[in-house]
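Next comes run28.pdb, a file with PDB, C-alpha atoms.
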ATOM      1  CA  MET A   1      -7.003  31.630-196.730  1.00  0.00           C
ATOM      2  CA  ASN A   2      -9.428  33.035-194.161  1.00  0.00           C
ATOM      3  CA  ASP A   3      -7.020  33.407-191.242  1.00  0.00           C
ATOM      4  CA  GLN A   4      -7.476  36.646-189.318  1.00  0.00           C
ATOM      5  CA  LEU A   5      -4.768  38.852-187.874  1.00  0.00           C
ATOM      6  CA  GLU A   6      -4.565  38.363-184.120  1.00  0.00           C
ATOM      7  CA  CYS A   7      -2.995  40.908-181.789  1.00  0.00           C
ATOM      8  CA  ILE A   8      -1.712  39.750-178.409  1.00  0.00           C
ATOM      9  CA  SER A   9      -0.818  42.243-175.693  1.00  0.00           C
ATOM     10  CA  ASN A  10       2.691  41.910-174.285  1.00  0.00           C
ATOM     11  CA  PRO A  11       2.255  40.717-170.666  1.00  0.00           C
ATOM     12  CA  PHE A  12       5.766  41.861-169.807  1.00  0.00           C
ATOM     13  CA  LYS A  13       5.319  45.442-171.000  1.00  0.00           C
ATOM     14  CA  ASN A  14       6.968  48.071-168.805  1.00  0.00           C
ATOM     15  CA  HIS A  15       4.345  50.807-168.536  1.00  0.00           C
ATOM     16  CA  ASN A  16       6.972  53.233-167.201  1.00  0.00           C
ATOM     17  CA  PHE A  17       9.042  52.913-170.370  1.00  0.00           C
ATOM     18  CA  ASP A  18       8.968  55.946-172.664  1.00  0.00           C
ATOM     19  CA  LEU A  19      10.748  55.739-175.991  1.00  0.00           C
ATOM     20  CA  ASP A  20      10.498  59.517-176.443  1.00  0.00           C
ATOM     21  CA  TRP A  21       9.690  59.224-180.152  1.00  0.00           C
ATOM     22  CA  SER A  22      11.928  61.528-182.197  1.00  0.00           C
ATOM     23  CA  SER A  23      12.181  59.850-185.564  1.00  0.00           C
ATOM     24  CA  GLU A  24      12.633  63.151-187.368  1.00  0.00           C
ATOM     25  CA  SER A  25      16.169  63.644-186.033  1.00  0.00           C
ATOM     26  CA  ALA A  26      17.117  60.067-186.941  1.00  0.00           C
ATOM     27  CA  PHE A  27      15.667  60.427-190.422  1.00  0.00           C
ATOM     28  CA  CYS A  28      17.480  63.735-190.996  1.00  0.00           C
ATOM     29  CA  PHE A  29      20.723  62.144-189.859  1.00  0.00           C
ATOM     30  CA  HIS A  30      20.338  59.183-192.205  1.00  0.00           C
ATOM     31  CA  GLN A  31      19.622  61.492-195.119  1.00  0.00           C
ATOM     32  CA  SER A  32      23.070  63.029-194.560  1.00  0.00           C
ATOM     33  CA  LEU A  33      24.885  59.696-194.980  1.00  0.00           C
ATOM     34  CA  PRO A  34      26.792  59.243-198.256  1.00  0.00           C
ATOM     35  CA  GLY A  35      24.846  56.908-200.510  1.00  0.00           C
ATOM     36  CA  TYR A  36      21.604  57.162-198.573  1.00  0.00           C
ATOM     37  CA  LYS A  37      18.367  56.572-200.409  1.00  0.00           C
ATOM     38  CA  PRO A  38      15.055  55.048-199.269  1.00  0.00           C
ATOM     39  CA  THR A  39      14.809  51.317-199.800  1.00  0.00           C
ATOM     40  CA  PRO A  40      12.156  50.131-202.273  1.00  0.00           C
ATOM     41  CA  LEU A  41       8.578  49.490-201.180  1.00  0.00           C
ATOM     42  CA  ILE A  42       7.326  46.490-203.131  1.00  0.00           C
ATOM     43  CA  GLN A  43       3.730  45.322-203.571  1.00  0.00           C
ATOM     44  CA  LEU A  44       3.264  41.550-203.436  1.00  0.00           C
ATOM     45  CA  LYS A  45       0.089  41.393-205.511  1.00  0.00           C
ATOM     46  CA  ASN A  46      -0.040  37.654-206.090  1.00  0.00           C
ATOM     47  CA  PHE A  47       0.759  36.886-202.463  1.00  0.00           C
ATOM     48  CA  SER A  48      -1.925  39.329-201.276  1.00  0.00           C
ATOM     49  CA  LYS A  49      -4.474  37.658-203.508  1.00  0.00           C
ATOM     50  CA  THR A  50      -3.458  34.204-202.306  1.00  0.00           C
ATOM     51  CA  ILE A  51      -3.931  34.996-198.614  1.00  0.00           C
ATOM     52  CA  GLY A  52      -7.036  37.109-199.209  1.00  0.00           C
ATOM     53  CA  ILE A  53      -5.935  40.597-198.187  1.00  0.00           C
ATOM     54  CA  ASN A  54      -6.071  43.933-199.981  1.00  0.00           C
ATOM     55  CA  GLN A  55      -2.329  44.582-200.173  1.00  0.00           C
ATOM     56  CA  CYS A  56       0.936  43.325-198.716  1.00  0.00           C
ATOM     57  CA  LEU A  57       3.877  45.717-198.923  1.00  0.00           C
ATOM     58  CA  VAL A  58       7.486  44.710-198.376  1.00  0.00           C
ATOM     59  CA  LYS A  59      10.321  47.113-197.624  1.00  0.00           C
ATOM     60  CA  ASP A  60      13.341  45.558-199.327  1.00  0.00           C
ATOM     61  CA  GLU A  61      16.224  46.212-196.942  1.00  0.00           C
ATOM     62  CA  SER A  62      18.703  44.311-199.099  1.00  0.00           C
ATOM     63  CA  HIS A  63      19.280  47.704-200.783  1.00  0.00           C
ATOM     64  CA  ARG A  64      20.321  49.490-197.567  1.00  0.00           C
ATOM     65  CA  LEU A  65      23.699  51.203-198.121  1.00  0.00           C
ATOM     66  CA  ASN A  66      25.139  48.090-199.803  1.00  0.00           C
ATOM     67  CA  LEU A  67      24.987  46.211-196.490  1.00  0.00           C
ATOM     68  CA  ASN A  68      21.917  44.091-197.284  1.00  0.00           C
ATOM     69  CA  ALA A  69      20.320  44.750-193.891  1.00  0.00           C
ATOM     70  CA  PHE A  70      18.458  47.464-191.994  1.00  0.00           C
ATOM     71  CA  LYS A  71      20.759  47.191-188.950  1.00  0.00           C
ATOM     72  CA  VAL A  72      22.975  50.055-190.132  1.00  0.00           C
ATOM     73  CA  LEU A  73      20.114  52.477-189.446  1.00  0.00           C
ATOM     74  CA  GLY A  74      20.309  51.739-185.740  1.00  0.00           C
ATOM     75  CA  ALA A  75      24.072  51.429-185.408  1.00  0.00           C
ATOM     76  CA  SER A  76      24.835  54.608-187.347  1.00  0.00           C
ATOM     77  CA  TYR A  77      22.350  56.784-185.470  1.00  0.00           C
ATOM     78  CA  ALA A  78      23.325  55.469-182.041  1.00  0.00           C
ATOM     79  CA  MET A  79      27.019  55.928-182.820  1.00  0.00           C
ATOM     80  CA  ALA A  80      26.375  59.451-184.095  1.00  0.00           C
ATOM     81  CA  ILE A  81      24.602  60.332-180.841  1.00  0.00           C
ATOM     82  CA  GLU A  82      27.454  58.917-178.747  1.00  0.00           C
ATOM     83  CA  ILE A  83      29.975  60.934-180.758  1.00  0.00           C
ATOM     84  CA  ALA A  84      27.831  64.051-180.409  1.00  0.00           C
ATOM     85  CA  LYS A  85      27.764  63.552-176.627  1.00  0.00           C
ATOM     86  CA  TYR A  86      31.549  63.109-176.585  1.00  0.00           C
ATOM     87  CA  LEU A  87      32.023  66.297-178.609  1.00  0.00           C
ATOM     88  CA  LYS A  88      29.247  68.166-176.741  1.00  0.00           C
ATOM     89  CA  LEU A  89      27.342  68.831-179.964  1.00  0.00           C
ATOM     90  CA  ASP A  90      23.632  69.500-180.456  1.00  0.00           C
ATOM     91  CA  LEU A  91      21.992  66.064-180.212  1.00  0.00           C
ATOM     92  CA  ASP A  92      19.001  67.212-182.277  1.00  0.00           C
ATOM     93  CA  ASN A  93      21.121  68.308-185.225  1.00  0.00           C
ATOM     94  CA  VAL A  94      23.657  65.554-185.818  1.00  0.00           C
ATOM     95  CA  THR A  95      24.768  64.955-189.396  1.00  0.00           C
ATOM     96  CA  TYR A  96      27.504  63.015-191.127  1.00  0.00           C
ATOM     97  CA  GLU A  97      29.133  66.250-192.280  1.00  0.00           C
ATOM     98  CA  ILE A  98      29.270  67.691-188.756  1.00  0.00           C
ATOM     99  CA  ILE A  99      30.880  64.540-187.390  1.00  0.00           C
ATOM    100  CA  LYS A 100      33.467  64.435-190.165  1.00  0.00           C
ATOM    101  CA  LYS A 101      34.512  67.994-189.303  1.00  0.00           C
ATOM    102  CA  HIS A 102      35.722  66.611-185.975  1.00  0.00           C
ATOM    103  CA  SER A 103      37.563  63.607-187.406  1.00  0.00           C
ATOM    104  CA  ASP A 104      40.821  64.418-185.604  1.00  0.00           C
ATOM    105  CA  GLN A 105      39.042  64.491-182.249  1.00  0.00           C
ATOM    106  CA  ILE A 106      37.351  61.128-182.650  1.00  0.00           C
ATOM    107  CA  LYS A 107      39.952  59.079-184.507  1.00  0.00           C
ATOM    108  CA  ASN A 108      40.992  57.272-181.333  1.00  0.00           C
ATOM    109  CA  LEU A 109      37.465  56.442-180.181  1.00  0.00           C
ATOM    110  CA  THR A 110      36.749  52.711-180.218  1.00  0.00           C
ATOM    111  CA  PHE A 111      33.229  51.322-180.435  1.00  0.00           C
ATOM    112  CA  THR A 112      32.622  47.720-179.502  1.00  0.00           C
ATOM    113  CA  THR A 113      29.722  45.298-179.754  1.00  0.00           C
ATOM    114  CA  ALA A 114      28.771  41.645-179.725  1.00  0.00           C
ATOM    115  CA  THR A 115      26.988  40.354-182.789  1.00  0.00           C
ATOM    116  CA  ASP A 116      25.727  37.393-184.787  1.00  0.00           C
ATOM    117  CA  GLY A 117      26.583  39.312-187.933  1.00  0.00           C
ATOM    118  CA  ASN A 118      24.568  42.225-189.305  1.00  0.00           C
ATOM    119  CA  HIS A 119      24.659  44.561-186.293  1.00  0.00           C
ATOM    120  CA  GLY A 120      28.405  44.118-185.873  1.00  0.00           C
ATOM    121  CA  ARG A 121      28.998  44.709-189.562  1.00  0.00           C
ATOM    122  CA  ALA A 122      26.906  47.879-189.289  1.00  0.00           C
ATOM    123  CA  VAL A 123      28.942  49.108-186.311  1.00  0.00           C
ATOM    124  CA  ALA A 124      32.178  48.374-188.162  1.00  0.00           C
ATOM    125  CA  TRP A 125      30.964  50.083-191.345  1.00  0.00           C
ATOM    126  CA  THR A 126      29.841  53.180-189.449  1.00  0.00           C
ATOM    127  CA  ALA A 127      33.064  53.453-187.463  1.00  0.00           C
ATOM    128  CA  LYS A 128      35.060  53.267-190.680  1.00  0.00           C
ATOM    129  CA  ASN A 129      32.966  55.986-192.324  1.00  0.00           C
ATOM    130  CA  PHE A 130      33.144  58.261-189.282  1.00  0.00           C
ATOM    131  CA  GLY A 131      36.881  57.705-188.885  1.00  0.00           C
ATOM    132  CA  CYS A 132      36.690  55.800-185.572  1.00  0.00           C
ATOM    133  CA  LYS A 133      37.780  52.317-184.560  1.00  0.00           C
ATOM    134  CA  ALA A 134      35.651  49.241-183.975  1.00  0.00           C
ATOM    135  CA  MET A 135      36.149  45.997-182.065  1.00  0.00           C
ATOM    136  CA  VAL A 136      33.539  43.332-182.734  1.00  0.00           C
ATOM    137  CA  TYR A 137      33.097  40.088-180.790  1.00  0.00           C
ATOM    138  CA  MET A 138      31.165  37.162-182.236  1.00  0.00           C
ATOM    139  CA  PRO A 139      29.824  34.022-180.519  1.00  0.00           C
ATOM    140  CA  LYS A 140      31.243  30.559-181.054  1.00  0.00           C
ATOM    141  CA  GLY A 141      29.977  28.887-184.174  1.00  0.00           C
ATOM    142  CA  THR A 142      29.940  32.096-186.210  1.00  0.00           C
ATOM    143  CA  SER A 143      30.836  31.427-189.836  1.00  0.00           C
ATOM    144  CA  LYS A 144      34.101  32.684-191.275  1.00  0.00           C
ATOM    145  CA  ILE A 145      32.112  34.467-193.996  1.00  0.00           C
ATOM    146  CA  ARG A 146      30.456  36.695-191.385  1.00  0.00           C
ATOM    147  CA  LEU A 147      33.769  37.319-189.654  1.00  0.00           C
ATOM    148  CA  ASP A 148      35.446  38.258-192.938  1.00  0.00           C
ATOM    149  CA  ALA A 149      32.611  40.639-193.832  1.00  0.00           C
ATOM    150  CA  ILE A 150      33.398  42.620-190.682  1.00  0.00           C
ATOM    151  CA  LEU A 151      37.162  42.422-191.104  1.00  0.00           C
ATOM    152  CA  ASP A 152      36.733  43.795-194.633  1.00  0.00           C
ATOM    153  CA  THR A 153      35.649  47.118-193.092  1.00  0.00           C
ATOM    154  CA  ASN A 154      39.082  47.420-191.422  1.00  0.00           C
ATOM    155  CA  ALA A 155      37.569  46.734-188.006  1.00  0.00           C
ATOM    156  CA  SER A 156      39.055  44.355-185.465  1.00  0.00           C
ATOM    157  CA  ALA A 157      36.938  41.258-184.907  1.00  0.00           C
ATOM    158  CA  GLU A 158      37.195  37.841-183.346  1.00  0.00           C
ATOM    159  CA  ILE A 159      35.076  34.778-182.674  1.00  0.00           C
ATOM    160  CA  THR A 160      34.909  33.985-178.971  1.00  0.00           C
ATOM    161  CA  ASP A 161      34.506  30.667-177.184  1.00  0.00           C
ATOM    162  CA  PHE A 162      31.219  31.855-175.654  1.00  0.00           C
ATOM    163  CA  ASN A 163      27.578  31.660-176.649  1.00  0.00           C
ATOM    164  CA  TYR A 164      25.831  34.872-177.674  1.00  0.00           C
ATOM    165  CA  ASP A 165      24.687  36.003-174.218  1.00  0.00           C
ATOM    166  CA  ASP A 166      28.093  35.393-172.696  1.00  0.00           C
ATOM    167  CA  THR A 167      29.726  37.167-175.629  1.00  0.00           C
ATOM    168  CA  VAL A 168      27.621  40.230-174.810  1.00  0.00           C
ATOM    169  CA  LYS A 169      28.849  40.086-171.206  1.00  0.00           C
ATOM    170  CA  HIS A 170      32.427  39.626-172.395  1.00  0.00           C
ATOM    171  CA  THR A 171      32.113  42.633-174.698  1.00  0.00           C
ATOM    172  CA  ALA A 172      30.704  44.830-171.937  1.00  0.00           C
ATOM    173  CA  LYS A 173      33.610  43.830-169.715  1.00  0.00           C
ATOM    174  CA  LYS A 174      36.160  44.631-172.441  1.00  0.00           C
ATOM    175  CA  ALA A 175      34.521  47.998-173.020  1.00  0.00           C
ATOM    176  CA  SER A 176      34.847  48.849-169.336  1.00  0.00           C
ATOM    177  CA  GLU A 177      38.447  47.661-169.125  1.00  0.00           C
ATOM    178  CA  ASN A 178      39.615  49.525-172.236  1.00  0.00           C
ATOM    179  CA  ASN A 179      37.474  52.669-172.025  1.00  0.00           C
ATOM    180  CA  TRP A 180      35.684  51.731-175.234  1.00  0.00           C
ATOM    181  CA  ILE A 181      32.130  52.789-176.075  1.00  0.00           C
ATOM    182  CA  LEU A 182      29.711  49.873-175.947  1.00  0.00           C
ATOM    183  CA  LEU A 183      27.190  49.947-178.810  1.00  0.00           C
ATOM    184  CA  GLN A 184      25.039  46.942-178.020  1.00  0.00           C
ATOM    185  CA  ASP A 185      21.598  46.351-179.518  1.00  0.00           C
ATOM    186  CA  SER A 186      20.208  44.718-176.381  1.00  0.00           C
ATOM    187  CA  SER A 187      19.447  46.323-173.038  1.00  0.00           C
ATOM    188  CA  TRP A 188      19.694  45.511-169.329  1.00  0.00           C
ATOM    189  CA  ASN A 189      19.409  47.394-166.056  1.00  0.00           C
ATOM    190  CA  GLY A 190      21.688  50.414-166.293  1.00  0.00           C
ATOM    191  CA  TYR A 191      22.177  50.125-170.039  1.00  0.00           C
ATOM    192  CA  VAL A 192      19.208  51.485-171.986  1.00  0.00           C
ATOM    193  CA  GLU A 193      20.150  54.713-173.776  1.00  0.00           C
ATOM    194  CA  VAL A 194      22.184  53.185-176.599  1.00  0.00           C
ATOM    195  CA  PRO A 195      19.613  50.447-177.360  1.00  0.00           C
ATOM    196  CA  LYS A 196      16.858  53.090-177.364  1.00  0.00           C
ATOM    197  CA  ASN A 197      18.804  55.154-179.898  1.00  0.00           C
ATOM    198  CA  ILE A 198      19.375  52.057-182.007  1.00  0.00           C
ATOM    199  CA  MET A 199      15.626  51.492-182.062  1.00  0.00           C
ATOM    200  CA  LEU A 200      15.031  55.128-182.967  1.00  0.00           C
ATOM    201  CA  GLY A 201      17.441  54.665-185.845  1.00  0.00           C
ATOM    202  CA  TYR A 202      15.278  51.832-187.142  1.00  0.00           C
ATOM    203  CA  SER A 203      12.332  54.234-187.209  1.00  0.00           C
ATOM    204  CA  THR A 204      13.690  55.665-190.456  1.00  0.00           C
ATOM    205  CA  MET A 205      12.139  52.652-192.170  1.00  0.00           C
ATOM    206  CA  VAL A 206       8.755  53.756-190.890  1.00  0.00           C
ATOM    207  CA  THR A 207       9.326  57.364-191.922  1.00  0.00           C
ATOM    208  CA  GLU A 208      10.278  56.229-195.415  1.00  0.00           C
ATOM    209  CA  PHE A 209       7.240  53.984-195.565  1.00  0.00           C
ATOM    210  CA  LEU A 210       4.872  56.767-194.552  1.00  0.00           C
ATOM    211  CA  VAL A 211       6.300  58.939-197.319  1.00  0.00           C
ATOM    212  CA  GLN A 212       6.155  56.148-199.886  1.00  0.00           C
ATOM    213  CA  TYR A 213       2.670  54.970-199.072  1.00  0.00           C
ATOM    214  CA  SER A 214      -0.019  56.690-197.021  1.00  0.00           C
ATOM    215  CA  ASP A 215      -2.878  54.163-196.995  1.00  0.00           C
ATOM    216  CA  VAL A 216      -1.569  52.344-193.936  1.00  0.00           C
ATOM    217  CA  ALA A 217      -4.939  51.309-192.543  1.00  0.00           C
ATOM    218  CA  ASN A 218      -5.719  49.093-195.543  1.00  0.00           C
ATOM    219  CA  SER A 219      -2.337  47.418-195.837  1.00  0.00           C
ATOM    220  CA  TYR A 220      -0.147  44.893-194.111  1.00  0.00           C
ATOM    221  CA  TYR A 221       3.486  45.887-193.924  1.00  0.00           C
ATOM    222  CA  CYS A 222       6.550  43.672-193.788  1.00  0.00           C
ATOM    223  CA  SER A 223      10.211  44.489-193.356  1.00  0.00           C
ATOM    224  CA  SER A 224      13.195  42.201-193.279  1.00  0.00           C
ATOM    225  CA  TRP A 225      12.541  41.697-189.546  1.00  0.00           C
ATOM    226  CA  CYS A 226       9.014  42.539-188.416  1.00  0.00           C
ATOM    227  CA  TRP A 227       9.904  42.660-184.700  1.00  0.00           C
ATOM    228  CA  VAL A 228      11.236  46.166-185.199  1.00  0.00           C
ATOM    229  CA  PHE A 229       7.730  47.420-185.767  1.00  0.00           C
ATOM    230  CA  CYS A 230       6.105  45.230-183.148  1.00  0.00           C
ATOM    231  CA  SER A 231       8.388  46.769-180.540  1.00  0.00           C
ATOM    232  CA  PHE A 232       7.286  50.370-180.839  1.00  0.00           C
ATOM    233  CA  ASN A 233       6.214  51.564-184.234  1.00  0.00           C
ATOM    234  CA  ILE A 234       2.680  50.184-184.323  1.00  0.00           C
ATOM    235  CA  ASP A 235       1.551  53.193-182.258  1.00  0.00           C
ATOM    236  CA  LYS A 236       2.643  55.424-185.131  1.00  0.00           C
ATOM    237  CA  PHE A 237       0.092  53.824-187.416  1.00  0.00           C
ATOM    238  CA  PHE A 238      -3.112  53.706-185.354  1.00  0.00           C
TER
END

Encoded form using structure tokens:
Amino acid sequence: MNDQLECISNPFKNHNFDLDWSSESAFCFHQSLPGYKPTPLIQLKNFSKTIGINQCLVKDESHRLNLNAFKVLGASYAMAIEIAKYLKLDLDNVTYEIIKKHSDQIKNLTFTTATDGNHGRAVAWTAKNFGCKAMVYMPKGTSKIRLDAILDTNASAEITDFNYDDTVKHTAKKASENNWILLQDSSWNGYVEVPKNIMLGYSTMVTEFLVQYSDVANSYYCSSWCWVFCSFNIDKFF
């Protein structure tokens, strides 16, 4: 194959948006989680040869904290920051151990989100491990297997009669009505801080990758979902 990599500039980019890169704090937080370890970085030698490139590296996120998805990196870090704000803790030094020391103070906190599956499961898993509560809403058509996976974490969950976008709106409304903390992985006007922290949580994959392999310029990199890196991490490489 002689296809070349083509880069297309995002015409909708907000030039006033500043992610305020701080992956070190997210990475340090994730290292404090029970069971944390970097996911494997795998070289696809035969595939690289077939498509005519030097190397193709795949970060296998099926090994991430027994959840089979990278989404827990974002949900756990964003939830930790929200708890730290609630407890008035140092946002730059949040760890699992520090949060657990305040378990009595946060046991009645409820985090809520809309999800197709993996993000909601990550929110539910994190709430259980922190000692909080979780309420997860899922769009119509969601499989019972995905619902059960969330219920297995002792979270509350239900499948709505809405599509995904309307389920997000429904969840935001429920959060407002019940004084719950919305932990949504999409943003809109007036709701950007939590999604930004979710994205920063994902940056741990990049930090791990940079530790595992330094020759970035001569490699193509793939994760379970490449859009994570297209959204902000490419600037870290070049």

* **Ground truth for the PyMOL selection byres ((chain A and resi 165-178) around 9), written as a list in words** => Thr110, Phe111, Thr112, Thr113, Ala114, Thr115, Val136, Tyr137, Met138, Pro139, Lys140, Thr160, Asp161, Phe162, Asn163, Tyr164, Asn179, Trp180, Ile181, Leu182, Gln184 and Ser186 of chain A

* Structure fact -> Pairwise distance, atom CA of Cys132 of chain A with atom CA of Thr39 of chain A, equals 26.5 Å

* **Residues within 12 Å of Leu89 of chain A, only C-alpha atoms, excluding chain neighbours under 3 positions, as a ChimeraX atom specification** => /A:80-86,92-95,98-99,101-102

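Minimum distance to Lys133 of chain A across A:Lys37, A:Lys45, A:Lys107, A:Lys88 (counting only C-alpha atoms) occurs at A:Lys107.
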
Might I get the box with edges along x, y and z of the file that holds all atoms of segment 141-157 of chain A listed there, padded by 8 Å on every side, given as centre and edge lengths in Å to one decimal, as JSON?
{"center_x": 34.5, "center_y": 38.2, "center_z": -189.4, "size_x": 25.1, "size_y": 34.5, "size_z": 26.5}

* Of the listed residues A:Cys28, A:Ile159, A:Ile198, A:Met205, that which approaches Tyr96 of chain A most closely, counting all atoms listed in the file ->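 Looking only at the distances to Tyr96 of chain A, the closest residue turns out to be A:Cys28.
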
* Specify as a list of chain:residue names each residue included when the PyMOL selection byres ((chain A and resi 63-75) around 6) is applied to this file. =>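 Output of the PyMOL selection byres ((chain A and resi 63-75) around 6): A:Thr39, A:Glu61, A:Ser62, A:Ser76, A:Tyr77, A:Ala78, A:Met79, A:His119, A:Ala122, A:Val123, A:Ile198, A:Met199, A:Gly201, A:Tyr202.
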
What's around Gln43 of chain A at 8 Å? Count only C-alpha atoms, leave out sequence neighbours fewer than 5 positions away in its own chain, and write the answer as a PDB file with C-alpha atoms, in the frame of the given file.
ATOM      1  CA  GLN A  55      -2.329  44.582-200.173  1.00  0.00           C
ATOM      2  CA  CYS A  56       0.936  43.325-198.716  1.00  0.00           C
ATOM      3  CA  LEU A  57       3.877  45.717-198.923  1.00  0.00           C
ATOM      4  CA  VAL A  58       7.486  44.710-198.376  1.00  0.00           C
TER       5      VAL A  58
END

* **Which residue of A:Thr50, A:Thr204, A:Asn197, A:Ser156 approaches His30 of chain A most closely, using all atoms listed in the file** =>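 Of A:Thr50, A:Thr204, A:Asn197, A:Ser156, the one nearest His30 of chain A is A:Thr204, counting all atoms listed in the file.
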
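Proximity of A:Leu147, A:Leu41, A:Ala26, A:Leu33 to Phe130 of chain A, computed with only C-alpha atoms, is greatest for A:Leu33.
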